[in-house]
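Trainee: Sending over a structure as structure tokens; questions will come in a sec.
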Amino acid sequence: MVRLLFTVCLVSLSKSISGVHIFELDYRVTPEPTLTSPDYDGYVFIYRYPPNDSTIPAPIREKLMREEYTGDFSLVEVELPAKRLIYAPVKELSDFQSVRKFGEAAKKAMKSARDHGIKAPLLVLHQDPCPKLPHAELVTLLGALDTFFVNPRDREKNSPRGKFLGVWGPEYSTLIDIVNIAANLEDGRVVARDVAEAVCESMSPPNFEGYLHDVFPPESGVNISVVTDPQTLQKDFPFFSMGTSKGEDAHARRIVILTYDTPAPVVDTVLLVGEGATYNTPGASLCAKAGAAAIAGFMKVLSETGVRGLKVVAALALSRNPAGEVLQ
């Protein structure tokens with residue numbers, strides 16, 4: 001069921017995008033029509049081991065077939081302008097193993113490229129021959145993009161701006177579709193990680209709400225409504241309003257409702273609920289924001305792609321629950 005849903009979503013995304021995506025990420029992702037571009041100083045290639053597919057570009061295949069690989073990645077020299085290539089072999093792969101292995105290999109390869117001083121990498125995509133792994137290229141690209149993410153609290157001193165990733169594939173039109181989908185998914189993943197990995201106090205209920213207003217401006221297609229009135233919360237959300245602490249005004253809990261809708265006739269309606277809680281205990285802060293973070297990211301993807309025929313209503317329960325204080 002999950003796999004079917006994922007496939008349907010990808011089809012919907014690919015149909016909703018026209019032309020090259022106008023990237024809003026803090027770094028550039030560029031579909032590259034040729035392997036011989038002089039704009040890169042290294043290549044990154046993720047493929048199953050051994051790489052004996054005759055359709056792999058000859059300069060890469062001929063070099064890799066002369067080597068043996070025992071680690072997670074290797075640095076080799078190829079007869080291409082950038083010379084250096086990081087190869088991350090995907091080993092012990094069967095029809096029943098997860099495509100996630102490609103993303104994991106891409107993360108390791110990109111980190112290795114950075115460690116070897118490669119500042120302008122060109123990611124070389126190639127379709128996996130197994131028909132049960134049709135999204136291997138997309139997952140590879142998402143794994144590479146994952147290494148560009150910087151935690152919100154470190155972003156000012158370590159901003160990803162100015163970094164870029166080139167992406168090459170054997171069929172340029174297909175490559176553009178893959179890059180478009182990946183970029184839109186990454187927009188949502190960045191939102192989800194911003195929320196999930198932020199310091200607890202920086203994503204207190206009022207701050208979380210403010211962040212959502214920044215992410216979803218009026219023209220985004222996602223409507224935001226907020227319930228903060230204590231009496232309304234007690235009446236309509238009695239369980240959620242239980243345990244309100246004294247002096248909670250600065251971190252007042254709230255229900256944020258995100259609604260995605262399009263003018264097209266609605267074919268499916270999805271209702272979602274996610275928790276966005278922080279627990280303050282003496283000497284530690286614990287967060288349980290994964291549900292709200294995932295939903296916020298998902299809504300961002302819908303906003304970016306404009307999927308038609310779908311209505312989504314999501315309720316985010318945001319609270320700060322200090323332990324050790326007297327409760328009402």
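We name chains A, B, ... following the order of the structure tokens; residues begin at 1 in each chain, and ligands are numbered from 1 as shown.
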Using only C-alpha atoms, which protein or nucleic acid residues come within 7 Å of Lys289 in chain A? Drop anything in the same chain fewer than 6 positions from it, and give the result as an MDAnalysis selection string.

Mentor: chainID A and resid 196 275:277

Trainee: Per residue of range 92-174 of chain A within 10 Å of range 56-69 of chain A, record the nearest atom pair and its distance in Å to one decimal, counting only C-alpha atoms, with rows in chain order and ascending residue number, as CSV.

Mentor:
```
residue,atom,partner,partner_atom,distance
A:Val124,CA,A:Pro57,CA,9.5
A:Leu125,CA,A:Ile56,CA,9.5
A:His126,CA,A:Ile56,CA,7.1
A:Gln127,CA,A:Ile56,CA,9.4
A:Gly169,CA,A:Pro57,CA,9.9
A:Pro170,CA,A:Pro57,CA,8.5
```

Trainee: With only C-alpha atoms as the atoms that count, which of A:Ile46, A:Ile181, A:Ala288, A:Ala120 lies nearest to Thr140 in chain A?

Mentor: A:Ile46

Trainee: Just list the residues in range 67-208 of chain A DSSP gives alpha helix (DSSP H) on the backbone, as a PyMOL selection string.

Mentor: chain A and resi 100-115+136-146+172-197+205-208

Trainee: Name the residues of range 100-160 of chain A that fall into strand (DSSP E or B) according to DSSP on the backbone, using the chain letters and numbers of this document, as an MDAnalysis selection string.

Mentor: chainID A and resid 121:124

Trainee: May I have the residues within 12 Å of Lys83 in chain A as a PyMOL selection string, using only C-alpha atoms and disregarding those fewer than 4 positions away in the same chain?

Mentor: chain A and resi 35-38+40-44+59-60+63+75-79+118+121-122

Trainee: If you keep C-alpha atoms, can you produce a file of those selected residues as a PDB file, in the first residue's frame?

Mentor:
```
ATOM      1  CA  LEU A  35      29.470  14.789 -18.929  1.00  0.00           C
ATOM      2  CA  THR A  36      32.166  16.928 -20.520  1.00  0.00           C
ATOM      3  CA  SER A  37      31.107  20.252 -18.990  1.00  0.00           C
ATOM      4  CA  PRO A  38      34.094  22.182 -17.561  1.00  0.00           C
ATOM      5  CA  TYR A  40      32.695  20.633 -12.282  1.00  0.00           C
ATOM      6  CA  ASP A  41      35.716  19.386 -10.380  1.00  0.00           C
ATOM      7  CA  GLY A  42      34.555  15.847  -9.659  1.00  0.00           C
ATOM      8  CA  TYR A  43      31.958  13.165 -10.351  1.00  0.00           C
ATOM      9  CA  VAL A  44      29.845  11.062  -7.999  1.00  0.00           C
ATOM     10  CA  PRO A  59      34.941   6.365 -19.527  1.00  0.00           C
ATOM     11  CA  ILE A  60      33.345   5.414 -16.212  1.00  0.00           C
ATOM     12  CA  LYS A  63      37.745   2.383 -15.354  1.00  0.00           C
ATOM     13  CA  LEU A  75      38.216   7.609  -5.502  1.00  0.00           C
ATOM     14  CA  VAL A  76      39.379   6.860  -9.041  1.00  0.00           C
ATOM     15  CA  GLU A  77      40.615   8.866 -11.999  1.00  0.00           C
ATOM     16  CA  VAL A  78      38.577   8.803 -15.214  1.00  0.00           C
ATOM     17  CA  GLU A  79      39.144  10.129 -18.725  1.00  0.00           C
ATOM     18  CA  ILE A 118      35.415  18.367  -4.518  1.00  0.00           C
ATOM     19  CA  PRO A 121      30.289  17.758  -7.954  1.00  0.00           C
ATOM     20  CA  LEU A 122      28.433  16.303 -10.905  1.00  0.00           C
TER      21      LEU A 122
END
```

Trainee: May I have the residues within 6 Å of Ile257 in chain A as a list in words, using only C-alpha atoms and disregarding those fewer than 3 positions away in the same chain?

Mentor: Ile224, Ser225, Ala314 and Ala315 of chain A

Trainee: Counting only C-alpha atoms, which residue out of A:Glu104, A:Asp128, A:Asp194, A:Glu32 sits closest to Arg155 in chain A?

Mentor: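 Closest candidate: A:Asp194.
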
Trainee: Go ahead and compute the interatomic distance for CA of Pro131 in chain A and CA of Thr70 in chain A, in Å to one decimal.

Mentor: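 Separation of CA of Pro131 in chain A and CA of Thr70 in chain A: 26.4 Å.
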